[in-house]
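**Student:** Please see the structure below; I have some questions.
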Amino acid sequence: MLLTITTTHQPATDLGYLLVKNPARVQEFELSFGKAVVFYPEASEECCTAALLLEVDPVGLVRGRQGPAGEGRQLEQYVNDRPYVASSFMSVALAAVFRTALSGKSKERPELAEAAIPLEATLTALPCRGGEGFLRRLFEPLGYRLDLQRLPLDSQHPEWGSSPYFTVTLAAECRLCDLLTHLYVLVPVLDQDKHYWVGEDEVEKLLRFGEGWLNAHPEKKEITRRYLQRRPSLIRQALARLAAEDTGADEEETSNPDRLEAQMETQIDASASAPGATGEDKPRSLNDQRLEAVLAALRESGARRVLDLGCGEGRLLERLMRQNCFQEIVGLDVSYRAMEIAQRRLHLDRASDRQRERVRLLHGALTYRDRRLEGFDAAAVVEVIEHLDLPRLAAFERVLFECARPGVVVLSTPNAEYNVRWPSLPAGRFRHRDHRFEWSRSEFQTWAEAVAGRFGYTVQFSPIGPIDPEVGSPTQMAVFTRST
């Protein structure tokens, strides 16, 4: 099977830097199913083409394994299209051979790796169960221009009709990492026949490589269904986790999710809530006060192993790392983009081995049981629950309080009563556009006490931020302590 990638960006030979493959020589890579070869049919300043050729050993794939049931299908292991068509083997090869390019990084040309450049990719034999219409529905919403040629079953016998295979050329101005990511996900979707077992790790791959584009794709459900080989439990999990992400946020909003909320929080002056504060003290934002209150509660609990659930960009994790009393710190979030920002914030790539063992980031959703979250002393859930749809709140409660079951849970959420104190917030509007609800103090306390009673915890409440005699504080916090 053959994939070629061409650019006319000048100097075009910079494609070699992006792929981390020298245009001047042929390079071979041994893979579990055969061999990958990278070479450049053309490499000039005006135009450069990189080719990835896979040689699959179909006999080696099945030697020593049990074949399909029934004598009538014995040859199916050996006589198939796997060595010739683009399939899940191509995705594995992309990840193995072009790993750095797939991640969007380039040591020699970092600016170019982030730039949209003219690219053209050609797959010589791409199976498509669904025909030309489905091919176009997959790639055209991503901005590609398609040139399609359907291949005959046998060129010597045109009366046999067309095959399900196409020669496909995709053209667009985009980042190289985006092109590779789209191919990584969509080639197996078109083929529908993965050469390896599809388990929960495939959900993680789909969400990772679908970050930033899959949620908005009109064929999201069909892509998910086919990628996960029609396994209902995995499909439900993937779609639920996709639904949990805030797909409307652009690049700027990812680091500052809601300008209105940020503006409101900077209006909170520490002198209104900090005893003994003077006019010379620097005001603290509500977010700083919130994180400090949560950190104090975690320290007071005596916890050594701590979870930050919905860790976002890692602001609480950054504070936790400075405290030597916390021996193990784990952050979990549904957004890969937020986790990438957190990793940069925490400088984990430059951390010592000891620090990397102490701090971990996990990708996951709070509405599905995750055994990686079990056995911790404490968990922080800071401004998270209001982003969940109310019908899914029960699933979150069970995941946290019944399954993970930490000794202490420190949970904060907005106090809806305080919203009237912000002139910039229109009446009836939530503080953040992704909030599904905001509770008054009585609503929050009613919910928290019911959860504590149902799962064997006691609960105490604390205000965060300046306290207004009529509407209370802007943030409310509950500390759950396991009693049974």
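Going through the structure tokens in order, the chains are called A, B, and so on, while each chain numbers its residues from 1 and the ligands are numbered from 1 in the order shown.
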Need to verify the contact set: A:Val37, 6 Å, only C-alpha atoms, exclusion of same-chain residues closer than 4 positions in sequence. Can you return it as a PyMOL selection string?
**Tutor:** chain A and resi 27-28+52-53
**Student:** Could you turn the residues from that selection into a file that holds N, CA, C and O atoms, as a PDB file, in the first residue's frame?
**Tutor:**
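What ended up in part_30.pdb:
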```
ATOM      1  N   GLN A  27      14.735   5.163   3.665  1.00  0.00           N
ATOM      2  CA  GLN A  27      14.772   4.693   5.051  1.00  0.00           C
ATOM      3  C   GLN A  27      13.755   3.580   5.246  1.00  0.00           C
ATOM      4  O   GLN A  27      12.619   3.675   4.762  1.00  0.00           O
ATOM      5  N   GLU A  28      14.170   2.521   5.953  1.00  0.00           N
ATOM      6  CA  GLU A  28      13.316   1.367   6.188  1.00  0.00           C
ATOM      7  C   GLU A  28      13.044   1.208   7.676  1.00  0.00           C
ATOM      8  O   GLU A  28      13.906   1.495   8.510  1.00  0.00           O
ATOM      9  N   LEU A  52       5.305   6.841   1.521  1.00  0.00           N
ATOM     10  CA  LEU A  52       5.344   5.807   2.551  1.00  0.00           C
ATOM     11  C   LEU A  52       4.798   4.527   1.929  1.00  0.00           C
ATOM     12  O   LEU A  52       3.619   4.443   1.588  1.00  0.00           O
ATOM     13  N   LEU A  53       5.660   3.529   1.789  1.00  0.00           N
ATOM     14  CA  LEU A  53       5.288   2.254   1.181  1.00  0.00           C
ATOM     15  C   LEU A  53       5.294   1.178   2.259  1.00  0.00           C
ATOM     16  O   LEU A  53       6.292   1.012   2.974  1.00  0.00           O
TER      17      LEU A  53
END
```
**Student:** Need the shell around A:Leu393: protein/DNA/RNA residues with any atom at most 12 Å away, counting only C-alpha atoms. Skip same-chain ones fewer than 2 positions apart. Format as an mmCIF file with all heavy atoms, in the first residue's frame?
**Tutor:**
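The resulting file, around.cif, is reproduced below:
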```cif
data_model
loop_
_atom_site.group_PDB
_atom_site.id
_atom_site.type_symbol
_atom_site.label_atom_id
_atom_site.label_comp_id
_atom_site.auth_asym_id
_atom_site.auth_seq_id
_atom_site.Cartn_x
_atom_site.Cartn_y
_atom_site.Cartn_z
ATOM 1 N N LEU A 366 -15.739 12.115 33.973
ATOM 2 C CA LEU A 366 -16.189 11.876 35.352
ATOM 3 C C LEU A 366 -17.531 11.170 35.421
ATOM 4 O O LEU A 366 -18.054 10.974 36.518
ATOM 5 C CB LEU A 366 -16.278 13.209 36.097
ATOM 6 C CG LEU A 366 -14.952 13.917 36.340
ATOM 7 C CD1 LEU A 366 -15.179 15.254 37.026
ATOM 8 C CD2 LEU A 366 -14.022 13.051 37.156
ATOM 9 N N THR A 367 -18.064 10.785 34.291
ATOM 10 C CA THR A 367 -19.352 10.092 34.300
ATOM 11 C C THR A 367 -19.204 8.610 33.983
ATOM 12 O O THR A 367 -20.200 7.911 33.794
ATOM 13 C CB THR A 367 -20.311 10.737 33.293
ATOM 14 O OG1 THR A 367 -19.654 10.862 32.031
ATOM 15 C CG2 THR A 367 -20.748 12.108 33.776
ATOM 16 N N TYR A 368 -17.951 8.124 33.919
ATOM 17 C CA TYR A 368 -17.699 6.703 33.693
ATOM 18 C C TYR A 368 -16.724 6.185 34.744
ATOM 19 O O TYR A 368 -15.717 6.831 35.044
ATOM 20 C CB TYR A 368 -17.129 6.457 32.295
ATOM 21 C CG TYR A 368 -18.151 6.635 31.213
ATOM 22 C CD1 TYR A 368 -18.336 7.870 30.606
ATOM 23 C CD2 TYR A 368 -18.961 5.572 30.823
ATOM 24 C CE1 TYR A 368 -19.294 8.048 29.626
ATOM 25 C CE2 TYR A 368 -19.921 5.744 29.841
ATOM 26 C CZ TYR A 368 -20.078 6.975 29.250
ATOM 27 O OH TYR A 368 -21.033 7.149 28.282
ATOM 28 N N VAL A 384 -16.617 22.213 38.520
ATOM 29 C CA VAL A 384 -16.784 21.168 37.512
ATOM 30 C C VAL A 384 -18.233 20.745 37.350
ATOM 31 O O VAL A 384 -18.753 20.630 36.240
ATOM 32 C CB VAL A 384 -15.910 19.936 37.842
ATOM 33 C CG1 VAL A 384 -16.265 18.757 36.938
ATOM 34 C CG2 VAL A 384 -14.437 20.274 37.722
ATOM 35 N N ILE A 385 -18.946 20.512 38.472
ATOM 36 C CA ILE A 385 -20.259 19.872 38.369
ATOM 37 C C ILE A 385 -21.253 20.708 37.572
ATOM 38 O O ILE A 385 -22.148 20.167 36.918
ATOM 39 C CB ILE A 385 -20.844 19.541 39.762
ATOM 40 C CG1 ILE A 385 -21.055 20.821 40.585
ATOM 41 C CG2 ILE A 385 -19.973 18.550 40.491
ATOM 42 C CD1 ILE A 385 -21.864 20.569 41.848
ATOM 43 N N GLU A 386 -21.091 22.035 37.572
ATOM 44 C CA GLU A 386 -22.039 22.879 36.845
ATOM 45 C C GLU A 386 -21.890 22.742 35.332
ATOM 46 O O GLU A 386 -22.736 23.219 34.580
ATOM 47 C CB GLU A 386 -21.868 24.340 37.258
ATOM 48 C CG GLU A 386 -20.513 24.945 36.972
ATOM 49 C CD GLU A 386 -19.490 24.712 38.076
ATOM 50 O OE1 GLU A 386 -19.773 23.916 39.005
ATOM 51 O OE2 GLU A 386 -18.410 25.333 38.014
ATOM 52 N N HIS A 387 -20.831 22.047 34.873
ATOM 53 C CA HIS A 387 -20.646 21.788 33.450
ATOM 54 C C HIS A 387 -21.305 20.479 33.018
ATOM 55 O O HIS A 387 -21.277 20.143 31.837
ATOM 56 C CB HIS A 387 -19.158 21.743 33.108
ATOM 57 C CG HIS A 387 -18.466 23.062 33.253
ATOM 58 N ND1 HIS A 387 -18.334 23.959 32.210
ATOM 59 C CD2 HIS A 387 -17.866 23.640 34.331
ATOM 60 C CE1 HIS A 387 -17.671 25.029 32.633
ATOM 61 N NE2 HIS A 387 -17.383 24.865 33.917
ATOM 62 N N LEU A 388 -21.867 19.723 33.960
ATOM 63 C CA LEU A 388 -22.511 18.454 33.644
ATOM 64 C C LEU A 388 -24.008 18.659 33.436
ATOM 65 O O LEU A 388 -24.642 19.429 34.154
ATOM 66 C CB LEU A 388 -22.293 17.450 34.787
ATOM 67 C CG LEU A 388 -20.847 17.079 35.125
ATOM 68 C CD1 LEU A 388 -20.822 16.187 36.364
ATOM 69 C CD2 LEU A 388 -20.180 16.389 33.957
ATOM 70 N N ASP A 389 -24.560 17.945 32.473
ATOM 71 C CA ASP A 389 -26.013 17.962 32.323
ATOM 72 C C ASP A 389 -26.640 17.332 33.564
ATOM 73 O O ASP A 389 -26.158 16.317 34.083
ATOM 74 C CB ASP A 389 -26.429 17.164 31.085
ATOM 75 C CG ASP A 389 -26.020 17.858 29.792
ATOM 76 O OD1 ASP A 389 -26.194 19.083 29.725
ATOM 77 O OD2 ASP A 389 -25.529 17.178 28.880
ATOM 78 N N LEU A 390 -27.723 17.922 34.051
ATOM 79 C CA LEU A 390 -28.350 17.422 35.275
ATOM 80 C C LEU A 390 -28.694 15.934 35.214
ATOM 81 O O LEU A 390 -28.500 15.227 36.217
ATOM 82 C CB LEU A 390 -29.607 18.258 35.582
ATOM 83 C CG LEU A 390 -29.327 19.608 36.254
ATOM 84 C CD1 LEU A 390 -30.591 20.458 36.292
ATOM 85 C CD2 LEU A 390 -28.771 19.408 37.665
ATOM 86 N N PRO A 391 -29.173 15.389 34.074
ATOM 87 C CA PRO A 391 -29.456 13.951 34.048
ATOM 88 C C PRO A 391 -28.221 13.078 34.241
ATOM 89 O O PRO A 391 -28.354 11.902 34.587
ATOM 90 C CB PRO A 391 -30.063 13.749 32.645
ATOM 91 C CG PRO A 391 -30.610 15.080 32.266
ATOM 92 C CD PRO A 391 -29.658 16.061 32.860
ATOM 93 N N ALA A 395 -24.667 9.843 37.533
ATOM 94 C CA ALA A 395 -23.524 9.018 37.129
ATOM 95 C C ALA A 395 -22.240 9.552 37.753
ATOM 96 O O ALA A 395 -21.396 8.781 38.244
ATOM 97 C CB ALA A 395 -23.411 8.998 35.608
ATOM 98 N N PHE A 396 -22.084 10.873 37.759
ATOM 99 C CA PHE A 396 -20.918 11.479 38.411
ATOM 100 C C PHE A 396 -20.870 11.122 39.899
ATOM 101 O O PHE A 396 -19.809 10.795 40.436
ATOM 102 C CB PHE A 396 -20.966 12.995 38.226
ATOM 103 C CG PHE A 396 -20.130 13.767 39.209
ATOM 104 C CD1 PHE A 396 -18.761 13.861 39.048
ATOM 105 C CD2 PHE A 396 -20.723 14.396 40.296
ATOM 106 C CE1 PHE A 396 -17.990 14.568 39.960
ATOM 107 C CE2 PHE A 396 -19.960 15.107 41.215
ATOM 108 C CZ PHE A 396 -18.591 15.193 41.044
ATOM 109 N N GLU A 397 -22.000 11.195 40.569
ATOM 110 C CA GLU A 397 -22.053 10.887 42.001
ATOM 111 C C GLU A 397 -21.565 9.468 42.265
ATOM 112 O O GLU A 397 -20.787 9.224 43.199
ATOM 113 C CB GLU A 397 -23.483 11.057 42.510
ATOM 114 C CG GLU A 397 -23.985 12.491 42.468
ATOM 115 C CD GLU A 397 -25.499 12.582 42.603
ATOM 116 O OE1 GLU A 397 -26.135 11.537 42.871
ATOM 117 O OE2 GLU A 397 -26.048 13.683 42.427
ATOM 118 N N ARG A 398 -22.020 8.510 41.472
ATOM 119 C CA ARG A 398 -21.615 7.120 41.679
ATOM 120 C C ARG A 398 -20.139 6.926 41.363
ATOM 121 O O ARG A 398 -19.428 6.218 42.093
ATOM 122 C CB ARG A 398 -22.466 6.195 40.810
ATOM 123 C CG ARG A 398 -23.934 6.125 41.217
ATOM 124 C CD ARG A 398 -24.602 4.929 40.586
ATOM 125 N NE ARG A 398 -23.976 3.692 41.033
ATOM 126 C CZ ARG A 398 -24.207 2.503 40.470
ATOM 127 N NH1 ARG A 398 -25.028 2.406 39.434
ATOM 128 N NH2 ARG A 398 -23.603 1.422 40.934
ATOM 129 N N VAL A 399 -19.665 7.533 40.266
ATOM 130 C CA VAL A 399 -18.255 7.397 39.904
ATOM 131 C C VAL A 399 -17.351 7.896 41.023
ATOM 132 O O VAL A 399 -16.358 7.244 41.386
ATOM 133 C CB VAL A 399 -17.968 8.163 38.596
ATOM 134 C CG1 VAL A 399 -16.465 8.321 38.367
ATOM 135 C CG2 VAL A 399 -18.600 7.442 37.416
ATOM 136 N N LEU A 400 -17.691 9.038 41.598
ATOM 137 C CA LEU A 400 -16.830 9.645 42.612
ATOM 138 C C LEU A 400 -17.049 9.049 43.994
ATOM 139 O O LEU A 400 -16.098 8.590 44.646
ATOM 140 C CB LEU A 400 -17.066 11.160 42.640
ATOM 141 C CG LEU A 400 -16.271 11.945 43.688
ATOM 142 C CD1 LEU A 400 -14.780 11.712 43.527
ATOM 143 C CD2 LEU A 400 -16.591 13.433 43.593
ATOM 144 N N PHE A 401 -18.294 9.044 44.461
ATOM 145 C CA PHE A 401 -18.550 8.710 45.862
ATOM 146 C C PHE A 401 -18.744 7.212 46.120
ATOM 147 O O PHE A 401 -18.544 6.752 47.246
ATOM 148 C CB PHE A 401 -19.774 9.475 46.365
ATOM 149 C CG PHE A 401 -19.573 10.962 46.435
ATOM 150 C CD1 PHE A 401 -20.007 11.798 45.421
ATOM 151 C CD2 PHE A 401 -18.919 11.538 47.511
ATOM 152 C CE1 PHE A 401 -19.828 13.163 45.477
ATOM 153 C CE2 PHE A 401 -18.723 12.907 47.585
ATOM 154 C CZ PHE A 401 -19.176 13.728 46.554
ATOM 155 N N ARG A 436 -24.339 24.234 32.730
ATOM 156 C CA ARG A 436 -25.663 23.638 32.512
ATOM 157 C C ARG A 436 -26.647 24.071 33.604
ATOM 158 O O ARG A 436 -27.853 24.021 33.420
ATOM 159 C CB ARG A 436 -25.565 22.113 32.493
ATOM 160 C CG ARG A 436 -24.600 21.550 31.448
ATOM 161 C CD ARG A 436 -24.982 22.015 30.035
ATOM 162 N NE ARG A 436 -24.319 21.221 29.007
ATOM 163 C CZ ARG A 436 -23.291 21.605 28.294
ATOM 164 N NH1 ARG A 436 -22.770 22.812 28.498
ATOM 165 N NH2 ARG A 436 -22.768 20.834 27.357
ATOM 166 N N PHE A 437 -26.118 24.470 34.745
ATOM 167 C CA PHE A 437 -26.949 24.972 35.840
ATOM 168 C C PHE A 437 -26.049 25.753 36.792
ATOM 169 O O PHE A 437 -24.818 25.642 36.744
ATOM 170 C CB PHE A 437 -27.629 23.814 36.598
ATOM 171 C CG PHE A 437 -26.648 22.859 37.243
ATOM 172 C CD1 PHE A 437 -26.146 23.090 38.520
ATOM 173 C CD2 PHE A 437 -26.227 21.716 36.567
ATOM 174 C CE1 PHE A 437 -25.237 22.222 39.102
ATOM 175 C CE2 PHE A 437 -25.329 20.833 37.146
ATOM 176 C CZ PHE A 437 -24.832 21.088 38.415
ATOM 177 N N TRP A 447 -28.488 19.214 47.779
ATOM 178 C CA TRP A 447 -27.853 18.168 46.961
ATOM 179 C C TRP A 447 -26.701 17.510 47.714
ATOM 180 O O TRP A 447 -26.607 16.273 47.756
ATOM 181 C CB TRP A 447 -27.337 18.779 45.660
ATOM 182 C CG TRP A 447 -26.496 17.826 44.860
ATOM 183 C CD1 TRP A 447 -26.939 16.845 44.026
ATOM 184 C CD2 TRP A 447 -25.058 17.745 44.835
ATOM 185 N NE1 TRP A 447 -25.872 16.165 43.480
ATOM 186 C CE2 TRP A 447 -24.715 16.693 43.956
ATOM 187 C CE3 TRP A 447 -24.042 18.465 45.473
ATOM 188 C CZ2 TRP A 447 -23.383 16.349 43.699
ATOM 189 C CZ3 TRP A 447 -22.711 18.123 45.220
ATOM 190 C CH2 TRP A 447 -22.398 17.075 44.340
ATOM 191 N N ALA A 448 -25.821 18.312 48.295
ATOM 192 C CA ALA A 448 -24.638 17.773 48.962
ATOM 193 C C ALA A 448 -25.013 16.892 50.152
ATOM 194 O O ALA A 448 -24.407 15.834 50.373
ATOM 195 C CB ALA A 448 -23.720 18.914 49.414
ATOM 196 N N VAL A 451 -26.279 13.537 48.879
ATOM 197 C CA VAL A 451 -25.170 12.703 48.395
ATOM 198 C C VAL A 451 -24.385 12.125 49.578
ATOM 199 O O VAL A 451 -24.053 10.937 49.600
ATOM 200 C CB VAL A 451 -24.245 13.527 47.479
ATOM 201 C CG1 VAL A 451 -22.936 12.792 47.225
ATOM 202 C CG2 VAL A 451 -24.935 13.833 46.165
#
```
**Student:** Using only C-alpha atoms, which protein or nucleic acid residues come within 10 Å of A:Arg421? Drop anything in the same chain fewer than 2 positions from it, and give the result as a PDB file with C-alpha atoms, in the first residue's frame.
**Tutor:**
```pdb
ATOM      1  CA  MET A 264     -16.114  39.293  36.932  1.00  0.00           C
ATOM      2  CA  GLU A 417     -27.547  34.158  44.248  1.00  0.00           C
ATOM      3  CA  TYR A 418     -24.381  36.244  43.986  1.00  0.00           C
ATOM      4  CA  ASN A 419     -24.819  36.802  40.229  1.00  0.00           C
ATOM      5  CA  PRO A 423     -23.562  44.523  36.695  1.00  0.00           C
ATOM      6  CA  SER A 424     -21.821  43.019  33.647  1.00  0.00           C
ATOM      7  CA  LEU A 425     -23.822  39.778  33.924  1.00  0.00           C
ATOM      8  CA  ASP A 468     -22.533  39.742  50.974  1.00  0.00           C
ATOM      9  CA  VAL A 471     -26.688  36.874  48.783  1.00  0.00           C
ATOM     10  CA  PRO A 474     -19.643  34.178  44.945  1.00  0.00           C
TER      11      PRO A 474
END
```
**Student:** I'd like to know which residues of stretch 258-397 of chain A are alpha helix (DSSP H) (by DSSP, run on the backbone); could you write them as a VMD selection string?
**Tutor:** chain A and resid 259 to 266 286 to 301 315 to 321 336 to 346 353 to 358 393 to 397
**Student:** Pick out the residues sitting within 9 Å of A:Arg129, and hand them over as a PyMOL selection string; count only C-alpha atoms, and ignore anything fewer than 5 positions along from it in its own chain.
**Tutor:** chain A and resi 134+164-165+189-192
**Student:** Nearest to A:Leu15: which of A:Arg350, A:Arg356, A:Arg175, A:Arg315 is it, counting only C-alpha atoms?
**Tutor:**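 Using only C-alpha atoms, the shortest distance to A:Leu15 belongs to A:Arg175.
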**Student:** Which one of A:Tyr40, A:Phe209, A:Phe376, A:Tyr17 sits closest to A:Ser335 if you count only C-alpha atoms?
**Tutor:**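 Closest candidate: A:Phe209.
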**Student:** With only C-alpha atoms as the counted atoms, please give the residues lying no more than 6 Å from A:Ser87, apart from itself and same-chain residues fewer than 2 positions off, as JSON, numbers by chain.
**Tutor:** {"A": [89, 90, 187, 188, 191]}
**Student:** Okay, now the selection with N, CA, C and O atoms, as a PDB file, in the first residue's frame?
**Tutor:**
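See result-v8.pdb below for the written result:
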```
ATOM      1  N   PHE A  89      -3.379  -0.938   9.108  1.00  0.00           N
ATOM      2  CA  PHE A  89      -1.919  -1.044   9.027  1.00  0.00           C
ATOM      3  C   PHE A  89      -1.305   0.312   8.688  1.00  0.00           C
ATOM      4  O   PHE A  89      -0.237   0.663   9.191  1.00  0.00           O
ATOM      5  N   MET A  90      -1.971   1.075   7.833  1.00  0.00           N
ATOM      6  CA  MET A  90      -1.470   2.396   7.473  1.00  0.00           C
ATOM      7  C   MET A  90      -1.480   3.325   8.679  1.00  0.00           C
ATOM      8  O   MET A  90      -0.526   4.090   8.895  1.00  0.00           O
ATOM      9  N   VAL A 187      -8.888   6.514   7.713  1.00  0.00           N
ATOM     10  CA  VAL A 187      -8.579   5.345   6.873  1.00  0.00           C
ATOM     11  C   VAL A 187      -9.186   4.068   7.458  1.00  0.00           C
ATOM     12  O   VAL A 187      -9.858   3.311   6.743  1.00  0.00           O
ATOM     13  N   PRO A 188      -9.019   3.767   8.748  1.00  0.00           N
ATOM     14  CA  PRO A 188      -9.687   2.576   9.302  1.00  0.00           C
ATOM     15  C   PRO A 188     -11.209   2.687   9.285  1.00  0.00           C
ATOM     16  O   PRO A 188     -11.899   1.673   9.204  1.00  0.00           O
ATOM     17  N   ASP A 191     -12.232   1.456   5.954  1.00  0.00           N
ATOM     18  CA  ASP A 191     -11.946   0.034   5.741  1.00  0.00           C
ATOM     19  C   ASP A 191     -12.830  -0.869   6.600  1.00  0.00           C
ATOM     20  O   ASP A 191     -13.249  -1.934   6.163  1.00  0.00           O
TER      21      ASP A 191
END
```
**Student:** Give me, as a Markdown table, the closest atom pair and its distance (Å, one decimal) for every residue of stretch 120-214 of chain A within a cut-off of 12 Å of stretch 8-13 of chain A, counting only C-alpha atoms, rows sorted by chain and rising number.
**Tutor:**
```
| residue | atom | partner | partner_atom | distance |
| --- | --- | --- | --- | --- |
| A:Glu120 | CA | A:Thr8 | CA | 9.1 |
| A:Ala171 | CA | A:Thr8 | CA | 11.5 |
| A:Ala172 | CA | A:Thr8 | CA | 11.5 |
| A:Glu173 | CA | A:His9 | CA | 9.9 |
| A:Cys174 | CA | A:His9 | CA | 11.4 |
| A:Arg175 | CA | A:His9 | CA | 11.7 |
| A:Leu176 | CA | A:His9 | CA | 11.7 |
```
**Student:** Keeping only N, CA, C and O atoms, write those residues as a PDB file, in the first residue's frame.
**Tutor:**
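Written out: result.pdb:
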```pdb
ATOM      1  N   GLU A 120      -0.897  17.841  -0.525  1.00  0.00           N
ATOM      2  CA  GLU A 120      -1.683  16.924  -1.340  1.00  0.00           C
ATOM      3  C   GLU A 120      -1.289  15.499  -0.952  1.00  0.00           C
ATOM      4  O   GLU A 120      -0.102  15.156  -0.970  1.00  0.00           O
ATOM      5  N   ALA A 171      -6.485  17.390  -1.237  1.00  0.00           N
ATOM      6  CA  ALA A 171      -5.694  18.612  -1.348  1.00  0.00           C
ATOM      7  C   ALA A 171      -6.283  19.688  -0.445  1.00  0.00           C
ATOM      8  O   ALA A 171      -7.503  19.852  -0.375  1.00  0.00           O
ATOM      9  N   ALA A 172      -5.406  20.408   0.249  1.00  0.00           N
ATOM     10  CA  ALA A 172      -5.856  21.493   1.131  1.00  0.00           C
ATOM     11  C   ALA A 172      -4.650  22.294   1.573  1.00  0.00           C
ATOM     12  O   ALA A 172      -3.499  21.856   1.447  1.00  0.00           O
ATOM     13  N   GLU A 173      -4.913  23.483   2.088  1.00  0.00           N
ATOM     14  CA  GLU A 173      -3.892  24.239   2.820  1.00  0.00           C
ATOM     15  C   GLU A 173      -4.151  24.003   4.286  1.00  0.00           C
ATOM     16  O   GLU A 173      -5.165  24.473   4.830  1.00  0.00           O
ATOM     17  N   CYS A 174      -3.291  23.259   4.928  1.00  0.00           N
ATOM     18  CA  CYS A 174      -3.501  22.902   6.327  1.00  0.00           C
ATOM     19  C   CYS A 174      -2.164  22.549   6.960  1.00  0.00           C
ATOM     20  O   CYS A 174      -1.129  22.480   6.273  1.00  0.00           O
ATOM     21  N   ARG A 175      -2.179  22.316   8.239  1.00  0.00           N
ATOM     22  CA  ARG A 175      -0.981  21.839   8.922  1.00  0.00           C
ATOM     23  C   ARG A 175      -0.748  20.375   8.562  1.00  0.00           C
ATOM     24  O   ARG A 175      -1.700  19.603   8.411  1.00  0.00           O
ATOM     25  N   LEU A 176       0.500  19.983   8.477  1.00  0.00           N
ATOM     26  CA  LEU A 176       0.807  18.593   8.173  1.00  0.00           C
ATOM     27  C   LEU A 176       0.256  17.664   9.246  1.00  0.00           C
ATOM     28  O   LEU A 176      -0.274  16.589   8.940  1.00  0.00           O
TER      29      LEU A 176
END
```
**Student:** With only C-alpha atoms as the basis for distance, which of A:Asp154, A:Asp288, A:Asp147, A:Glu374 is at the shortest distance from A:Thr124?
**Tutor:**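 Residue with the minimum atom-to-atom distance to A:Thr124: A:Asp147.
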**Student:** List the neighbours of stretch 321-333 of chain A out to 6 Å using only C-alpha atoms; skip same-chain residues closer than 3 positions along the sequence, and give me the result as a PyMOL selection string.
**Tutor:** chain A and resi 304-311+318+358-364
**Student:** Keeping only C-alpha atoms, write the selected residues to a file as a short mmCIF file (atom, residue, chain, number, x, y, z; two decimals), in the first residue's frame.
**Tutor:**
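Written output follows (part-v1.cif):
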```
data_model
loop_
_atom_site.label_atom_id
_atom_site.label_comp_id
_atom_site.auth_asym_id
_atom_site.auth_seq_id
_atom_site.Cartn_x
_atom_site.Cartn_y
_atom_site.Cartn_z
CA ARG A 304 -0.97 12.20 50.83
CA ARG A 305 -2.44 10.91 47.55
CA VAL A 306 -4.64 13.51 45.84
CA LEU A 307 -6.83 13.68 42.73
CA ASP A 308 -7.71 16.85 40.82
CA LEU A 309 -10.81 15.86 38.86
CA GLY A 310 -11.53 18.20 35.97
CA CYS A 311 -8.01 19.59 36.33
CA GLU A 318 0.67 23.68 40.05
CA ARG A 358 4.82 11.99 41.66
CA VAL A 359 2.60 13.86 39.16
CA ARG A 360 0.49 12.24 36.42
CA LEU A 361 -2.12 13.48 33.94
CA LEU A 362 -4.97 11.19 32.84
CA HIS A 363 -7.53 11.63 30.09
CA GLY A 364 -11.03 10.61 31.11
#
```
**Student:** Would you please work out which residue, of A:Leu102, A:Leu234, A:Leu239, A:Val382, is nearest to A:Thr181 when using only C-alpha atoms?
**Tutor:** A:Leu102
**Student:** Can you tell me, as a ChimeraX atom specification, what residues are no more than 10 Å from A:Ser440 when counting only C-alpha atoms, ignoring any on the same chain fewer than 6 positions away?
**Tutor:** /A:413-418,446,471-472,476
**Student:** Using the selection just defined, write its residues with C-alpha atoms as a PDB file, in the first residue's frame.
**Tutor:**
```
ATOM      1  CA  THR A 413     -19.390  25.509  42.528  1.00  0.00           C
ATOM      2  CA  PRO A 414     -20.792  29.006  41.822  1.00  0.00           C
ATOM      3  CA  ASN A 415     -23.411  30.527  44.101  1.00  0.00           C
ATOM      4  CA  ALA A 416     -26.162  31.635  41.727  1.00  0.00           C
ATOM      5  CA  GLU A 417     -27.547  34.158  44.248  1.00  0.00           C
ATOM      6  CA  TYR A 418     -24.381  36.244  43.986  1.00  0.00           C
ATOM      7  CA  THR A 446     -29.707  20.048  49.716  1.00  0.00           C
ATOM      8  CA  VAL A 471     -26.688  36.874  48.783  1.00  0.00           C
ATOM      9  CA  GLY A 472     -23.663  35.232  50.396  1.00  0.00           C
ATOM     10  CA  GLN A 476     -19.600  27.893  47.709  1.00  0.00           C
TER      11      GLN A 476
END
```
**Student:** Select, from A:Ala238, A:Leu3, A:Ala243, A:Cys177, the residue with the minimum atom-to-atom distance to A:Ala115, counting only C-alpha atoms.
**Tutor:**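 Comparing A:Ala238, A:Leu3, A:Ala243, A:Cys177 against A:Ala115, the winner is A:Cys177.
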